[in-house]
Amino acid sequence: MPINEFKAIATFAKAVELGSIRRAALAHGVTPQAASQAIAQLEQHLGVRLLHRTTRSLALTEEGRHFLENTQPALSALDRALAVTRDAKDEIAGPLRIVGPKSSFASLLMPLLDEFCRLYPGIQPDVQLDDGIGNWVKSRVDVGFRVGASAEEGVISRQLFPMQLIVCAAPSYLSDHGAPVSLDDLAAHRCSVYRLPATGKVFPWYLTVNGEIEHRHLSPAFSTNDAELELEAVLAGQVIGQLANFLVAAHIRSGRLVPLLLPHISHHMGLHIYYGSRAAQPKRVRAFLDLAITRLLDSPDYVLSNKELLAASQQWNRTRRRR
C-alpha cells in the first residue's frame, strides 16, 4: 500500500508532541484508527519501530528519538513557510502583475495605479503594455485589461465601459476646412488612420450606419501606429480623427475638440478587465480589482452622454456663427 510519507511523519511528530495518538488524530482531523495506521505504515516503511505504545501511553524508541530529531527542523521550516504564505495572501503588499493594451492605455491606468499605491505603499506594480494578446497563465498575470472580452479559457472578464469611437476635429481644423455633414463628405477631408503596431495594417473607421457597424477605409492624410501621436495631430488641427472616448472625453468637454457626425458614433466594443477566480486570489489582487471596478465601471470621466456630445457640437456651431 502506498504511504504518504509527509502525512505519516507529521502524525508521528504530533503524537509525540501531544503524548497521544488520539490527540494527534484530533489535531489533524482524522480518526484515531487512521492516525495509528499512518504511524504503523511509516514504521513498516522504515523497517524500525519508532514508538512503544499501549492503550494508555506511548514512548519513543531510540530509533524514534533519532528520527524525530532529524525530521523536526524540516517540519518546523515547513510550518513557517505555510504560515508566511497564508499571511501573505491576506496582506495588501507585494508584486502586482498587470497587462494591458499599449495604445493610449497609460493615461487611463496611471491614475488608478497612483491611487492604489498611495493606499497601499507596499504594492510593487509590474506593468506590461502590449497590443498583442499573450498567454494569461504563462505570463503570470494578476489583472489584465483589453478591448473586448478575453477568449482564454478559465479567465473571468467584465466590461468596464463601452468604447465610443468618436469622429472629432479641433476648432482650428474646422475653421480652415469646414465640417463634414455626411460620411460621403469625409472623402474631401484630411483624415487620420491608425496602424496596428504588430502588423502595420491600417485600422478602418468603425461607423454606425442604419443601426449596423460599417467598416470604412479612408485615404489617409496622416497615419501612425501610436494613438497618442494621432490624438496630438488631431488637437493640432492637422486632421480629422476617429478616437476612443477615454482619449478625447476631457478634450471634448473643454472645447479643444468638436464631435462630428454624431449619428455615426460606434460603441460596439468595450474596455474589459479580466482575472482568474477570485476565490484563491491574494488580497492585494482583490483590492485592486475592487478599486478598478469602482473607478472605471461606466465612468462618466470616460463615457460621454448623448446630451454632452450634442451640446459640444452645438456650442461649436454657435461659436462659428458669431464669427
# chains A, B, ... in the order shown; residues from 1 in each chain; ligands from 1
>>> residues_around(residues="Leu58 in chain A", least_positions_apart="6", cutoff="12 Å", atoms="only C-alpha atoms", output="list in words")
Phe12, Ala15, Val16, Glu17, Leu18, Gly19, Ser20, Ile21, Arg22, Ser36, Leu50, Leu51, His52 and Gly64 of chain A
>>> residues_around(residues="Leu218 in chain A", least_positions_apart="4", cutoff="10 Å", atoms="only C-alpha atoms", output="list in words")
Leu186, Ala187, His189, Arg190, Cys191, Ser192, Val193, Val202, Phe203, Pro204 and Trp205 of chain A
>>> atom_distance(atom1="CA of Leu297 in chain A", atom2="CA of Gln159 in chain A")
7.6 Å
>>> closest_atom_pairs(of="range 72-130 of chain A", to="range 274-278 of chain A", cutoff="12 Å", atoms="only C-alpha atoms", output="JSON lines")
{"residue": "A:Arg97", "atom": "CA", "partner": "A:Tyr275", "partner_atom": "CA", "distance": 11.0}
{"residue": "A:Ile98", "atom": "CA", "partner": "A:Tyr275", "partner_atom": "CA", "distance": 9.9}
{"residue": "A:Val99", "atom": "CA", "partner": "A:Tyr274", "partner_atom": "CA", "distance": 9.8}
{"residue": "A:Gly100", "atom": "CA", "partner": "A:Tyr274", "partner_atom": "CA", "distance": 10.1}
>>> write_last_selection(atoms="C-alpha atoms", output="PDB file, in the first residue's frame")
ATOM      1  CA  ARG A  97       1.393  41.988 -12.347  1.00  0.00           C
ATOM      2  CA  ILE A  98      -0.852  43.895 -14.763  1.00  0.00           C
ATOM      3  CA  VAL A  99      -1.125  43.688 -18.544  1.00  0.00           C
ATOM      4  CA  GLY A 100      -2.992  45.975 -20.908  1.00  0.00           C
TER       5      GLY A 100
END
>>> residues_around(residues="Ile252 in chain A", least_positions_apart="2", cutoff="10 Å", atoms="only C-alpha atoms", output="mmCIF file with N, CA and C atoms, in the first residue's frame")
data_model
loop_
_atom_site.group_PDB
_atom_site.id
_atom_site.type_symbol
_atom_site.label_atom_id
_atom_site.label_comp_id
_atom_site.auth_asym_id
_atom_site.auth_seq_id
_atom_site.Cartn_x
_atom_site.Cartn_y
_atom_site.Cartn_z
ATOM 1 N N CYS A 168 -13.882 63.317 -34.577
ATOM 2 C CA CYS A 168 -13.752 64.653 -33.998
ATOM 3 C C CYS A 168 -12.613 65.420 -34.657
ATOM 4 N N ALA A 169 -12.635 66.735 -34.453
ATOM 5 C CA ALA A 169 -11.620 67.612 -35.024
ATOM 6 C C ALA A 169 -11.436 68.808 -34.109
ATOM 7 N N ALA A 170 -10.315 69.474 -34.242
ATOM 8 C CA ALA A 170 -10.058 70.689 -33.477
ATOM 9 C C ALA A 170 -10.796 71.859 -34.117
ATOM 10 N N ASN A 245 -13.260 57.237 -26.712
ATOM 11 C CA ASN A 245 -13.787 58.179 -25.725
ATOM 12 C C ASN A 245 -12.825 58.453 -24.581
ATOM 13 N N LEU A 247 -9.775 58.715 -24.598
ATOM 14 C CA LEU A 247 -8.732 59.639 -25.035
ATOM 15 C C LEU A 247 -9.254 61.061 -25.187
ATOM 16 N N VAL A 248 -10.493 61.215 -25.641
ATOM 17 C CA VAL A 248 -10.960 62.536 -26.060
ATOM 18 C C VAL A 248 -12.015 63.151 -25.164
ATOM 19 N N ALA A 249 -12.529 62.422 -24.180
ATOM 20 C CA ALA A 249 -13.634 62.952 -23.371
ATOM 21 C C ALA A 249 -13.295 64.309 -22.760
ATOM 22 N N ALA A 250 -12.125 64.407 -22.140
ATOM 23 C CA ALA A 250 -11.747 65.674 -21.490
ATOM 24 C C ALA A 250 -11.573 66.785 -22.518
ATOM 25 N N SER A 254 -13.793 70.287 -22.786
ATOM 26 C CA SER A 254 -13.122 71.588 -22.654
ATOM 27 C C SER A 254 -13.243 72.435 -23.915
ATOM 28 N N GLY A 255 -13.756 71.843 -25.003
ATOM 29 C CA GLY A 255 -13.877 72.583 -26.250
ATOM 30 C C GLY A 255 -12.662 72.482 -27.146
ATOM 31 N N ARG A 256 -11.640 71.730 -26.730
ATOM 32 C CA ARG A 256 -10.445 71.587 -27.573
ATOM 33 C C ARG A 256 -10.713 70.696 -28.781
ATOM 34 N N LEU A 257 -11.736 69.829 -28.678
ATOM 35 C CA LEU A 257 -12.152 69.007 -29.797
ATOM 36 C C LEU A 257 -13.667 69.110 -29.963
ATOM 37 N N VAL A 258 -14.119 68.975 -31.207
ATOM 38 C CA VAL A 258 -15.540 69.049 -31.521
ATOM 39 C C VAL A 258 -15.984 67.694 -32.071
ATOM 40 N N PRO A 259 -17.004 67.053 -31.466
ATOM 41 C CA PRO A 259 -17.501 65.779 -32.007
ATOM 42 C C PRO A 259 -18.294 66.026 -33.289
ATOM 43 N N LEU A 304 -19.089 59.590 -22.649
ATOM 44 C CA LEU A 304 -19.818 60.819 -22.943
ATOM 45 C C LEU A 304 -21.280 60.500 -23.234
ATOM 46 N N GLU A 308 -24.234 65.361 -23.766
ATOM 47 C CA GLU A 308 -22.958 66.072 -23.786
ATOM 48 C C GLU A 308 -22.419 66.225 -25.204
ATOM 49 N N LEU A 309 -22.506 65.158 -25.980
ATOM 50 C CA LEU A 309 -21.997 65.200 -27.353
ATOM 51 C C LEU A 309 -22.763 66.234 -28.178
ATOM 52 N N ALA A 312 -21.770 69.776 -27.103
ATOM 53 C CA ALA A 312 -20.451 70.163 -27.605
ATOM 54 C C ALA A 312 -20.507 70.532 -29.079
ATOM 55 N N SER A 313 -21.274 69.775 -29.846
ATOM 56 C CA SER A 313 -21.422 70.068 -31.270
ATOM 57 C C SER A 313 -22.153 71.389 -31.482
#
>>> residues_around(residues="range 116-132 of chain A", least_positions_apart="4", cutoff="8 Å", atoms="only C-alpha atoms", output="list in words")
Ile92, Ala93, Gly94, Pro95, Leu96, Arg97, Ile98, Val99, Gly100, Pro101, Lys102, Ser103, Phe105, Leu112, Pro197, Ala198, Arg284, Phe288 and Leu291 of chain A
>>> closest_residue(among="A:Leu60, A:Ala311, A:Leu26, A:Ala10", to="Leu42 in chain A", atoms="only C-alpha atoms")
A:Ala10
>>> closest_residue(among="A:Lys14, A:Arg320, A:His272, A:Arg253", to="Ser305 in chain A", atoms="only C-alpha atoms")
A:Arg253
>>> closest_residue(among="A:Asn4, A:Glu43, A:Ser157, A:Thr31", to="Leu289 in chain A", atoms="only C-alpha atoms")
A:Ser157
>>> select_by_dssp(residues="range 3-206 of chain A", states="helix (DSSP H, G or I)", output="MDAnalysis selection string")
chainID A and resid 5:18 21:28 32:46 62:89 106:119 171:177 183:188
>>> atom_distance(atom1="CA of Ser104 in chain A", atom2="CA of Asn317 in chain A")
29.5 Å
>>> select_by_dssp(residues="range 30-270 of chain A", states="strand (DSSP E)", output="PyMOL selection string")
chain A and resi 51-53+58-60+94-100+123-129+143-147+156-169+192-195+202-203+205-209+212-216+222-224+241-244+258-260+266-270
>>> residues_around(residues="Ala149 in chain A", least_positions_apart="5", cutoff="12 Å", atoms="only C-alpha atoms", output="list in words")
Ile133, Gly144, Val155, Ile156, Ser157, Arg158, Gln159, Leu160, Phe161, Pro162, Met269, Gly270, Leu271, His272, Ile273, Tyr274 and Tyr275 of chain A
>>> write_last_selection(atoms="N, CA, C and O atoms", output="CSV table (one decimal), in the first residue's frame")
chain,number,residue,atom,x,y,z
A,133,ILE,N,-1.9,39.8,-27.9
A,133,ILE,CA,-2.7,39.0,-26.9
A,133,ILE,C,-1.8,37.9,-26.5
A,133,ILE,O,-1.5,37.0,-27.2
A,144,GLY,N,-5.7,41.9,-16.0
A,144,GLY,CA,-5.5,42.3,-17.3
A,144,GLY,C,-6.6,43.2,-17.8
A,144,GLY,O,-7.7,43.2,-17.3
A,155,VAL,N,-10.6,32.3,-17.7
A,155,VAL,CA,-10.4,33.7,-17.4
A,155,VAL,C,-11.8,34.4,-17.3
A,155,VAL,O,-12.6,34.3,-18.1
A,156,ILE,N,-12.0,35.1,-16.2
A,156,ILE,CA,-13.2,35.9,-16.0
A,156,ILE,C,-13.0,37.3,-16.6
A,156,ILE,O,-12.0,37.9,-16.4
A,157,SER,N,-14.0,37.7,-17.3
A,157,SER,CA,-13.9,39.0,-18.0
A,157,SER,C,-15.2,39.9,-17.7
A,157,SER,O,-16.3,39.3,-17.6
A,158,ARG,N,-15.0,41.1,-17.4
A,158,ARG,CA,-16.1,42.0,-17.1
A,158,ARG,C,-15.9,43.4,-17.9
A,158,ARG,O,-14.8,44.0,-17.8
A,159,GLN,N,-16.9,43.8,-18.6
A,159,GLN,CA,-16.8,45.1,-19.3
A,159,GLN,C,-16.8,46.2,-18.2
A,159,GLN,O,-17.7,46.3,-17.4
A,160,LEU,N,-15.9,47.2,-18.4
A,160,LEU,CA,-15.8,48.3,-17.5
A,160,LEU,C,-16.7,49.5,-18.1
A,160,LEU,O,-17.4,50.2,-17.4
A,161,PHE,N,-16.5,49.8,-19.4
A,161,PHE,CA,-17.3,50.8,-20.0
A,161,PHE,C,-17.3,50.6,-21.6
A,161,PHE,O,-16.3,50.0,-22.1
A,162,PRO,N,-18.3,51.0,-22.3
A,162,PRO,CA,-18.3,50.9,-23.7
A,162,PRO,C,-17.3,51.9,-24.3
A,162,PRO,O,-17.1,53.0,-23.8
A,269,MET,N,-17.7,48.0,-29.1
A,269,MET,CA,-16.6,47.4,-28.3
A,269,MET,C,-16.6,48.0,-26.9
A,269,MET,O,-17.2,49.0,-26.7
A,270,GLY,N,-15.9,47.3,-26.0
A,270,GLY,CA,-15.8,47.9,-24.7
A,270,GLY,C,-14.4,47.6,-24.0
A,270,GLY,O,-13.7,46.6,-24.5
A,271,LEU,N,-14.0,48.3,-23.1
A,271,LEU,CA,-12.8,48.0,-22.3
A,271,LEU,C,-13.2,47.0,-21.2
A,271,LEU,O,-14.1,47.3,-20.4
A,272,HIS,N,-12.5,45.9,-21.2
A,272,HIS,CA,-12.8,44.8,-20.2
A,272,HIS,C,-11.6,44.7,-19.2
A,272,HIS,O,-10.4,45.0,-19.6
A,273,ILE,N,-11.9,44.3,-18.0
A,273,ILE,CA,-10.9,43.8,-17.1
A,273,ILE,C,-11.1,42.3,-16.9
A,273,ILE,O,-12.2,41.8,-17.0
A,274,TYR,N,-10.0,41.6,-16.8
A,274,TYR,CA,-10.1,40.2,-16.7
A,274,TYR,C,-9.1,39.6,-15.7
A,274,TYR,O,-8.1,40.3,-15.4
A,275,TYR,N,-9.4,38.5,-15.1
A,275,TYR,CA,-8.7,38.0,-14.0
A,275,TYR,C,-9.1,36.5,-13.8
A,275,TYR,O,-10.0,36.0,-14.4
>>> closest_residue(among="A:Ala179, A:Leu68, A:Leu260, A:Leu165", to="Tyr302 in chain A", atoms="only C-alpha atoms")
A:Leu165
>>> closest_residue(among="A:Gln281, A:Ala13, A:Arg146, A:Ala188", to="Pro73 in chain A", atoms="only C-alpha atoms")
A:Ala13
>>> atom_distance(atom1="CA of Pro263 in chain A", atom2="CA of Ile293 in chain A")
29.2 Å
>>> closest_residue(among="A:Leu261, A:Gln238, A:Gln164, A:Val209", to="Asp298 in chain A", atoms="only C-alpha atoms")
A:Gln164
